[in-house]
Structures are given as structure tokens and as C-alpha cells.
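File shown: run-v8.txt (compact mmCIF, N, CA and C atoms and all ligand atoms).
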```
# COMPACT_ATOMS: atom_id res chain seq x y z
N MET K 1 29.07 91.35 140.78
CA MET K 1 29.00 92.41 141.79
C MET K 1 30.41 92.68 142.33
N ASN K 2 30.75 93.93 142.41
CA ASN K 2 32.10 94.27 142.82
C ASN K 2 32.12 94.61 144.31
N CYS K 3 31.98 93.58 145.14
CA CYS K 3 31.88 93.81 146.59
C CYS K 3 33.08 93.18 147.28
N ILE K 4 33.81 94.01 148.01
CA ILE K 4 35.05 93.54 148.63
C ILE K 4 34.78 92.46 149.67
N PHE K 5 33.66 92.56 150.41
CA PHE K 5 33.40 91.55 151.44
C PHE K 5 32.91 90.23 150.83
N CYS K 6 32.19 90.31 149.68
CA CYS K 6 31.85 89.06 148.98
C CYS K 6 33.13 88.40 148.47
N LYS K 7 34.07 89.21 147.99
CA LYS K 7 35.33 88.64 147.49
C LYS K 7 36.13 88.02 148.63
N ILE K 8 36.10 88.65 149.80
CA ILE K 8 36.78 88.06 150.96
C ILE K 8 36.09 86.75 151.34
N ARG K 9 34.74 86.78 151.40
CA ARG K 9 33.98 85.55 151.71
C ARG K 9 34.37 84.41 150.77
N ASP K 10 34.54 84.74 149.48
CA ASP K 10 34.81 83.71 148.47
C ASP K 10 36.30 83.39 148.33
N GLY K 11 37.13 84.03 149.16
CA GLY K 11 38.56 83.73 149.14
C GLY K 11 39.31 84.37 147.99
N GLU K 12 38.66 85.33 147.31
CA GLU K 12 39.32 86.00 146.17
C GLU K 12 40.24 87.12 146.63
N ILE K 13 40.01 87.60 147.86
CA ILE K 13 40.88 88.62 148.47
C ILE K 13 41.28 88.04 149.82
N PRO K 14 42.58 88.10 150.16
CA PRO K 14 43.01 87.53 151.44
C PRO K 14 42.50 88.34 152.63
N SER K 15 42.32 87.67 153.74
CA SER K 15 41.92 88.37 154.96
C SER K 15 42.40 87.54 156.14
N GLU K 16 42.41 88.15 157.30
CA GLU K 16 42.72 87.42 158.53
C GLU K 16 41.41 87.01 159.18
N LYS K 17 40.95 85.83 158.80
CA LYS K 17 39.67 85.34 159.31
C LYS K 17 39.88 84.74 160.69
N VAL K 18 39.08 85.15 161.66
CA VAL K 18 39.23 84.63 163.02
C VAL K 18 38.05 83.77 163.44
N TYR K 19 36.98 83.75 162.65
CA TYR K 19 35.80 82.94 162.98
C TYR K 19 34.94 82.80 161.73
N GLU K 20 34.26 81.66 161.65
CA GLU K 20 33.32 81.45 160.54
C GLU K 20 32.28 80.42 160.95
N ASP K 21 31.03 80.66 160.60
CA ASP K 21 30.00 79.62 160.70
C ASP K 21 29.08 79.76 159.49
N ASP K 22 27.91 79.13 159.53
CA ASP K 22 27.04 79.15 158.35
C ASP K 22 26.47 80.54 158.09
N ASP K 23 26.39 81.38 159.12
CA ASP K 23 25.73 82.68 159.02
C ASP K 23 26.68 83.84 158.73
N VAL K 24 27.81 83.84 159.41
CA VAL K 24 28.70 85.01 159.42
C VAL K 24 30.16 84.57 159.41
N PHE K 25 31.04 85.52 159.11
CA PHE K 25 32.46 85.31 159.38
C PHE K 25 33.01 86.58 160.01
N ILE K 26 34.11 86.44 160.71
CA ILE K 26 34.74 87.57 161.38
C ILE K 26 36.18 87.68 160.89
N ILE K 27 36.56 88.90 160.46
CA ILE K 27 37.94 89.16 160.02
C ILE K 27 38.50 90.30 160.85
N LYS K 28 39.83 90.40 160.86
CA LYS K 28 40.47 91.58 161.44
C LYS K 28 40.32 92.74 160.47
N ASP K 29 39.96 93.91 160.99
CA ASP K 29 39.89 95.09 160.14
C ASP K 29 41.30 95.44 159.66
N ILE K 30 41.41 95.78 158.38
CA ILE K 30 42.71 96.05 157.78
C ILE K 30 43.31 97.37 158.30
N ASP K 31 42.46 98.23 158.82
CA ASP K 31 42.90 99.55 159.30
C ASP K 31 42.32 99.77 160.70
N PRO K 32 42.87 99.08 161.71
CA PRO K 32 42.22 99.06 163.03
C PRO K 32 42.15 100.44 163.69
N LYS K 33 40.98 100.74 164.25
CA LYS K 33 40.74 102.03 164.94
C LYS K 33 40.83 101.86 166.45
N ALA K 34 41.15 100.67 166.91
CA ALA K 34 41.32 100.40 168.35
C ALA K 34 42.29 99.23 168.47
N GLU K 35 42.68 98.93 169.71
CA GLU K 35 43.64 97.82 169.92
C GLU K 35 43.15 96.54 169.25
N LYS K 36 41.87 96.27 169.40
CA LYS K 36 41.25 95.13 168.72
C LYS K 36 40.11 95.67 167.86
N HIS K 37 40.10 95.30 166.61
CA HIS K 37 39.07 95.79 165.68
C HIS K 37 38.77 94.68 164.67
N TYR K 38 37.57 94.14 164.80
CA TYR K 38 37.13 93.05 163.93
C TYR K 38 35.88 93.51 163.17
N LEU K 39 35.60 92.79 162.11
CA LEU K 39 34.36 93.00 161.36
C LEU K 39 33.61 91.68 161.32
N MET K 40 32.36 91.69 161.79
CA MET K 40 31.47 90.53 161.61
C MET K 40 30.65 90.78 160.36
N ILE K 41 30.75 89.87 159.42
CA ILE K 41 30.15 90.07 158.10
C ILE K 41 29.19 88.92 157.81
N PRO K 42 27.91 89.24 157.57
CA PRO K 42 26.99 88.17 157.19
C PRO K 42 27.42 87.58 155.85
N LYS K 43 27.24 86.27 155.69
CA LYS K 43 27.67 85.65 154.43
C LYS K 43 26.82 86.10 153.25
N ARG K 44 25.52 86.38 153.52
CA ARG K 44 24.67 86.84 152.43
C ARG K 44 24.85 88.34 152.21
N HIS K 45 25.00 88.74 150.98
CA HIS K 45 25.19 90.15 150.67
C HIS K 45 23.89 90.94 150.75
N TYR K 46 23.86 91.96 151.58
CA TYR K 46 22.83 93.00 151.51
C TYR K 46 23.46 94.26 152.04
N LYS K 47 22.90 95.41 151.63
CA LYS K 47 23.61 96.66 151.89
C LYS K 47 23.37 97.24 153.27
N LEU K 48 22.13 97.26 153.66
CA LEU K 48 21.72 98.09 154.80
C LEU K 48 20.75 97.33 155.70
N ILE K 49 20.60 97.82 156.92
CA ILE K 49 19.62 97.23 157.84
C ILE K 49 18.25 97.19 157.17
N GLY K 50 17.93 98.24 156.42
CA GLY K 50 16.63 98.32 155.76
C GLY K 50 16.42 97.29 154.67
N ASP K 51 17.50 96.64 154.27
CA ASP K 51 17.40 95.60 153.23
C ASP K 51 17.29 94.20 153.80
N MET K 52 17.35 94.09 155.13
CA MET K 52 17.39 92.75 155.74
C MET K 52 16.04 92.05 155.63
N THR K 53 16.10 90.75 155.36
CA THR K 53 14.93 89.89 155.50
C THR K 53 14.85 89.41 156.95
N ASP K 54 13.73 88.78 157.30
CA ASP K 54 13.64 88.19 158.64
C ASP K 54 14.75 87.15 158.83
N GLY K 55 15.04 86.41 157.79
CA GLY K 55 16.11 85.40 157.86
C GLY K 55 17.47 86.04 158.09
N ASP K 56 17.72 87.17 157.42
CA ASP K 56 18.99 87.89 157.63
C ASP K 56 19.11 88.36 159.07
N ALA K 57 17.99 88.89 159.60
CA ALA K 57 18.01 89.41 160.97
C ALA K 57 18.31 88.28 161.96
N ALA K 58 17.68 87.14 161.75
CA ALA K 58 17.90 86.00 162.65
C ALA K 58 19.35 85.53 162.54
N ALA K 59 19.87 85.48 161.30
CA ALA K 59 21.25 85.01 161.10
C ALA K 59 22.24 85.96 161.77
N LEU K 60 22.01 87.26 161.61
CA LEU K 60 22.95 88.22 162.19
C LEU K 60 22.89 88.18 163.71
N MET K 61 21.69 88.03 164.25
CA MET K 61 21.60 87.96 165.71
C MET K 61 22.21 86.67 166.25
N ARG K 62 22.11 85.60 165.51
CA ARG K 62 22.83 84.37 165.92
C ARG K 62 24.32 84.67 165.97
N GLY K 63 24.82 85.42 164.98
CA GLY K 63 26.24 85.78 164.97
C GLY K 63 26.61 86.63 166.16
N ILE K 64 25.82 87.66 166.42
CA ILE K 64 26.13 88.57 167.54
C ILE K 64 26.15 87.79 168.86
N ARG K 65 25.25 86.85 169.00
CA ARG K 65 25.17 86.08 170.25
C ARG K 65 26.35 85.12 170.43
N LYS K 66 27.16 84.93 169.38
CA LYS K 66 28.38 84.12 169.49
C LYS K 66 29.52 84.92 170.11
N ILE K 67 29.44 86.24 170.02
CA ILE K 67 30.60 87.06 170.41
C ILE K 67 31.07 86.75 171.84
N PRO K 68 30.17 86.65 172.83
CA PRO K 68 30.66 86.38 174.19
C PRO K 68 31.51 85.12 174.29
N SER K 69 31.16 84.09 173.54
CA SER K 69 31.95 82.85 173.62
C SER K 69 33.27 82.98 172.87
N LEU K 70 33.40 84.01 172.03
CA LEU K 70 34.65 84.24 171.30
C LEU K 70 35.52 85.28 171.98
N ALA K 71 34.98 85.94 173.03
CA ALA K 71 35.64 87.12 173.60
C ALA K 71 37.07 86.82 174.04
N GLU K 72 37.26 85.65 174.65
CA GLU K 72 38.61 85.35 175.14
C GLU K 72 39.59 85.22 173.98
N SER K 73 39.22 84.46 172.96
CA SER K 73 40.15 84.26 171.84
C SER K 73 40.37 85.54 171.05
N LEU K 74 39.41 86.47 171.11
CA LEU K 74 39.56 87.73 170.37
C LEU K 74 40.20 88.84 171.21
N GLY K 75 40.49 88.56 172.48
CA GLY K 75 41.10 89.59 173.32
C GLY K 75 40.12 90.66 173.76
N LEU K 76 38.87 90.24 173.99
CA LEU K 76 37.81 91.20 174.32
C LEU K 76 37.18 90.94 175.68
N THR K 77 37.94 90.30 176.58
CA THR K 77 37.33 89.92 177.86
C THR K 77 36.97 91.13 178.71
N GLY K 78 37.59 92.29 178.45
CA GLY K 78 37.26 93.49 179.21
C GLY K 78 35.99 94.17 178.73
N GLY K 79 35.41 93.67 177.66
CA GLY K 79 34.23 94.30 177.07
C GLY K 79 34.52 94.69 175.64
N TYR K 80 33.52 95.16 174.99
CA TYR K 80 33.68 95.54 173.57
C TYR K 80 32.50 96.40 173.17
N ARG K 81 32.63 97.01 172.01
CA ARG K 81 31.53 97.83 171.46
C ARG K 81 31.26 97.35 170.05
N ILE K 82 29.98 97.30 169.68
CA ILE K 82 29.65 96.97 168.30
C ILE K 82 29.04 98.21 167.64
N ILE K 83 29.42 98.42 166.40
CA ILE K 83 29.02 99.62 165.65
C ILE K 83 28.59 99.18 164.26
N VAL K 84 27.48 99.73 163.80
CA VAL K 84 27.04 99.47 162.42
C VAL K 84 26.85 100.82 161.75
N ASN K 85 27.76 101.17 160.87
CA ASN K 85 27.63 102.42 160.12
C ASN K 85 26.61 102.22 159.01
N GLN K 86 25.71 103.20 158.88
CA GLN K 86 24.66 103.13 157.87
C GLN K 86 24.66 104.42 157.06
N GLY K 87 25.12 104.35 155.84
CA GLY K 87 25.01 105.48 154.93
C GLY K 87 26.12 106.50 155.06
N ASP K 88 26.00 107.54 154.26
CA ASP K 88 27.09 108.49 154.08
C ASP K 88 27.41 109.29 155.34
N ASP K 89 26.38 109.74 156.07
CA ASP K 89 26.65 110.54 157.27
C ASP K 89 27.45 109.75 158.30
N ALA K 90 27.26 108.45 158.32
CA ALA K 90 27.99 107.60 159.26
C ALA K 90 29.36 107.20 158.74
N GLY K 91 29.64 107.57 157.49
CA GLY K 91 30.94 107.25 156.91
C GLY K 91 31.04 105.82 156.40
N GLN K 92 29.90 105.20 156.11
CA GLN K 92 29.96 103.83 155.59
C GLN K 92 30.70 103.82 154.27
N THR K 93 31.67 102.92 154.15
CA THR K 93 32.47 102.85 152.92
C THR K 93 32.28 101.54 152.17
N VAL K 94 31.85 100.50 152.88
CA VAL K 94 31.62 99.20 152.23
C VAL K 94 30.14 98.88 152.36
N PHE K 95 29.47 98.73 151.21
CA PHE K 95 28.01 98.56 151.23
C PHE K 95 27.63 97.08 151.14
N HIS K 96 28.19 96.35 152.08
CA HIS K 96 27.77 94.97 152.42
C HIS K 96 27.71 95.02 153.94
N LEU K 97 26.53 94.87 154.50
CA LEU K 97 26.36 95.13 155.93
C LEU K 97 27.41 94.42 156.77
N HIS K 98 27.92 95.12 157.75
CA HIS K 98 28.94 94.53 158.64
C HIS K 98 28.87 95.21 159.99
N ILE K 99 29.32 94.48 160.99
CA ILE K 99 29.34 94.99 162.35
C ILE K 99 30.79 95.15 162.77
N HIS K 100 31.15 96.36 163.14
CA HIS K 100 32.47 96.57 163.74
C HIS K 100 32.43 96.06 165.18
N ILE K 101 33.44 95.33 165.57
CA ILE K 101 33.59 94.89 166.97
C ILE K 101 34.92 95.45 167.44
N ILE K 102 34.86 96.38 168.39
CA ILE K 102 36.11 97.02 168.83
C ILE K 102 36.27 96.85 170.34
N GLY K 103 37.52 96.80 170.77
CA GLY K 103 37.80 96.65 172.20
C GLY K 103 39.30 96.49 172.40
N GLY K 104 39.63 95.77 173.49
CA GLY K 104 41.04 95.59 173.83
C GLY K 104 41.64 96.80 174.52
N GLN K 105 40.81 97.77 174.85
CA GLN K 105 41.25 98.98 175.53
C GLN K 105 40.00 99.66 176.10
N ILE K 106 40.21 100.66 176.95
CA ILE K 106 39.08 101.49 177.39
C ILE K 106 38.63 102.32 176.19
N LEU K 107 37.33 102.31 175.93
CA LEU K 107 36.79 103.02 174.76
C LEU K 107 36.09 104.29 175.21
N ASP K 108 36.62 105.42 174.79
CA ASP K 108 35.88 106.66 175.01
C ASP K 108 34.62 106.65 174.17
N PHE K 109 33.62 107.40 174.63
CA PHE K 109 32.46 107.57 173.77
C PHE K 109 32.86 108.54 172.66
N PRO K 110 32.41 108.31 171.42
CA PRO K 110 32.84 109.19 170.33
C PRO K 110 32.58 110.65 170.66
N ASP K 111 33.59 111.47 170.40
CA ASP K 111 33.52 112.90 170.68
C ASP K 111 32.94 113.61 169.45
N LEU K 112 31.62 113.63 169.38
CA LEU K 112 30.97 114.16 168.19
C LEU K 112 30.73 115.65 168.32
N LYS K 113 30.86 116.33 167.21
CA LYS K 113 30.53 117.75 167.15
C LYS K 113 29.50 117.95 166.04
N LYS K 114 28.62 118.93 166.27
CA LYS K 114 27.67 119.25 165.20
C LYS K 114 28.44 119.82 164.02
N ARG K 115 28.15 119.32 162.84
CA ARG K 115 28.81 119.86 161.64
C ARG K 115 27.78 120.19 160.58
P1 LIG Q 201 32.54 101.12 157.11
O1 LIG Q 201 33.30 102.41 156.93
O2 LIG Q 201 31.65 101.06 158.30
O3 LIG Q 201 31.84 100.74 155.81
O4 LIG Q 201 33.65 100.02 157.41
C1 LIG Q 201 34.43 99.39 156.43
C2 LIG Q 201 35.63 98.82 157.12
O5 LIG Q 201 36.20 97.84 156.29
C3 LIG Q 201 36.72 99.84 157.45
O6 LIG Q 201 36.98 99.85 158.86
C4 LIG Q 201 37.92 99.33 156.65
O7 LIG Q 201 39.15 99.50 157.33
C5 LIG Q 201 37.57 97.86 156.49
N1 LIG Q 201 38.18 97.20 155.33
C6 LIG Q 201 38.19 97.64 154.05
N2 LIG Q 201 38.81 96.76 153.26
C7 LIG Q 201 39.20 95.72 154.05
C8 LIG Q 201 39.89 94.49 153.81
N3 LIG Q 201 40.32 94.14 152.59
N4 LIG Q 201 40.13 93.69 154.87
C9 LIG Q 201 39.70 94.03 156.11
N5 LIG Q 201 39.03 95.17 156.38
C10 LIG Q 201 38.79 96.01 155.38
ZN ZN Q 202 28.94 91.70 149.34
```
Conversion result in C-alpha cells:
Amino acid sequence: MNCIFCKIRDGEIPSEKVYEDDDVFIIKDIDPKAEKHYLMIPKRHYKLIGDMTDGDAAALMRGIRKIPSLAESLGLTGGYRIIVNQGDDAGQTVFHLHIHIIGGQILDFPDLKKR
């Protein structure tokens, strides 16, 4: 399978890993869209929310619940936003489910226009 996040998980592609446990790992996004921009990536490969098993859901929620305890080391003490892009309309580019964690600044709400 030619998946960039599986390759990062397996150490075949370098990344700036800031956290890892049995369920998930967190890396710095290579193209940050905010002062702080991380990706929480489940270790098991699946594409979309709709592909998750109950076990995947539990694992991902365990990961999300770790974020508050990591906030200081990640520079997110002022708050943060989590985003999960799903499919083409959302601009998803990597089809291994991941959660964007952004912060380190005041975050405007996305200025969306009908297109
Ligand atoms: P999405 O568009 O929601 O699928 O998000 C994919 C994200 O992965 C983008 O924000 C990219 O900047 C990021 N990305 C792609 N390749 C890498 C990489 N090798 N290391 C870290 N982040 C990456
Ligand atoms: Zn993958």
C-alpha cells in the first residue's frame, strides 16, 4: 500500500514526531497552516470515519483525550481546534484518517463561500 502516513509510522519517511502511544502518533504538519499545526494519526490504516471499527473509534478517542495533557508541550495552552477532512469537497489529500490539531494563535472561523 502506498500510504505516506503508514510509511511515516514505519519510519520509512522522516517526520517530526512529537508523541506516540499504542493507538496514535502525532507529527508536525510539513506545511503548517497555523502557528502550531500537528497531525494525530491512528496507527491502524483506514481511510475515512465511515471505515472505522468500534475498536478504531475507541483508539482514536483515547488519542484525542490525551491532547489536553500534551497541550503545554505542544504550545497549545491557549486552546486549539481539531479538524478532520473527509473526501474531496473537504480537500482531503491523504487517505489515512488523521486529525489536524491547530493552534498557537487566535483562530478565525473559516471564511467559507458558496462555490
Ligand atoms: P488532508 O488535506 O486533510 O488530507 O491533510 C493532509 C496533511 O498532511 C496536509 O496538511 C499536509 O501538509 C500533510 N502532510 C503531507 N505529507 C506530509 C509529511 N510527509 N509530513 C508531515 N505532514 C505531511
Ligand atoms: Zn496508511
*Which is closest to ligand LIG 201 (chain Q) among K:Leu48, K:Met1, K:Ile99, K:Leu107, if we use all atoms listed in the file?*
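So, comparing all the options, the nearest one is K:Ile99.
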*Using all atoms listed in the file, find each residue with an atom at most 7 Å away from ligand ZN 202 (chain Q) and format the answer as a list in words.*
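Residues satisfying the distance criterion: Asn2, Cys3, Ile4, Phe5, Cys6, Lys7, Arg44, His45, Tyr46, Phe95, His96 and Leu97 of chain K.
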*Could you work out how far atom O2 of ligand LIG 201 (chain Q) lies from atom CA of K:Phe109, giving the answer in Å with one decimal?*
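Atom CA of K:Phe109 sits 16.8 Å away from atom O2 of ligand LIG 201 (chain Q).
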_Point (42.7, 94.8, 156.5) neighbourhood (8 Å, all atoms listed in the file) written as a PyMOL selection string_ = chain K and resi 14-16+27-32
If you keep N, CA and C atoms, can you produce a file of those selected residues as a short mmCIF file (atom, residue, chain, number, x, y, z; two decimals), keeping the file's coordinate frame?
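That gives us out_3.cif:
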```cif
data_model
loop_
_atom_site.label_atom_id
_atom_site.label_comp_id
_atom_site.auth_asym_id
_atom_site.auth_seq_id
_atom_site.Cartn_x
_atom_site.Cartn_y
_atom_site.Cartn_z
N PRO K 14 42.58 88.10 150.16
CA PRO K 14 43.01 87.53 151.44
C PRO K 14 42.50 88.34 152.63
N SER K 15 42.32 87.67 153.74
CA SER K 15 41.92 88.37 154.96
C SER K 15 42.40 87.54 156.14
N GLU K 16 42.41 88.15 157.30
CA GLU K 16 42.72 87.42 158.53
C GLU K 16 41.41 87.01 159.18
N ILE K 27 36.56 88.90 160.46
CA ILE K 27 37.94 89.16 160.02
C ILE K 27 38.50 90.30 160.85
N LYS K 28 39.83 90.40 160.86
CA LYS K 28 40.47 91.58 161.44
C LYS K 28 40.32 92.74 160.47
N ASP K 29 39.96 93.91 160.99
CA ASP K 29 39.89 95.09 160.14
C ASP K 29 41.30 95.44 159.66
N ILE K 30 41.41 95.78 158.38
CA ILE K 30 42.71 96.05 157.78
C ILE K 30 43.31 97.37 158.30
N ASP K 31 42.46 98.23 158.82
CA ASP K 31 42.90 99.55 159.30
C ASP K 31 42.32 99.77 160.70
N PRO K 32 42.87 99.08 161.71
CA PRO K 32 42.22 99.06 163.03
C PRO K 32 42.15 100.44 163.69
#
```
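In this structure, atom C of K:Gly104 sits 29.1 Å away from atom N of K:Ala57.
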*Separation of atom C of K:Glu72 and atom N of K:Met40, in Å?*
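Going from atom C of K:Glu72 over to atom N of K:Met40 covers 15.6 Å.
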*asked:* Env of K:Phe25: 6.5 Å cut, atoms = all atoms listed in the file, seq-sep filter 4 positions within chain, self excluded. Answer as a PyMOL selection string.
replied: chain K and resi 18-21+39-43
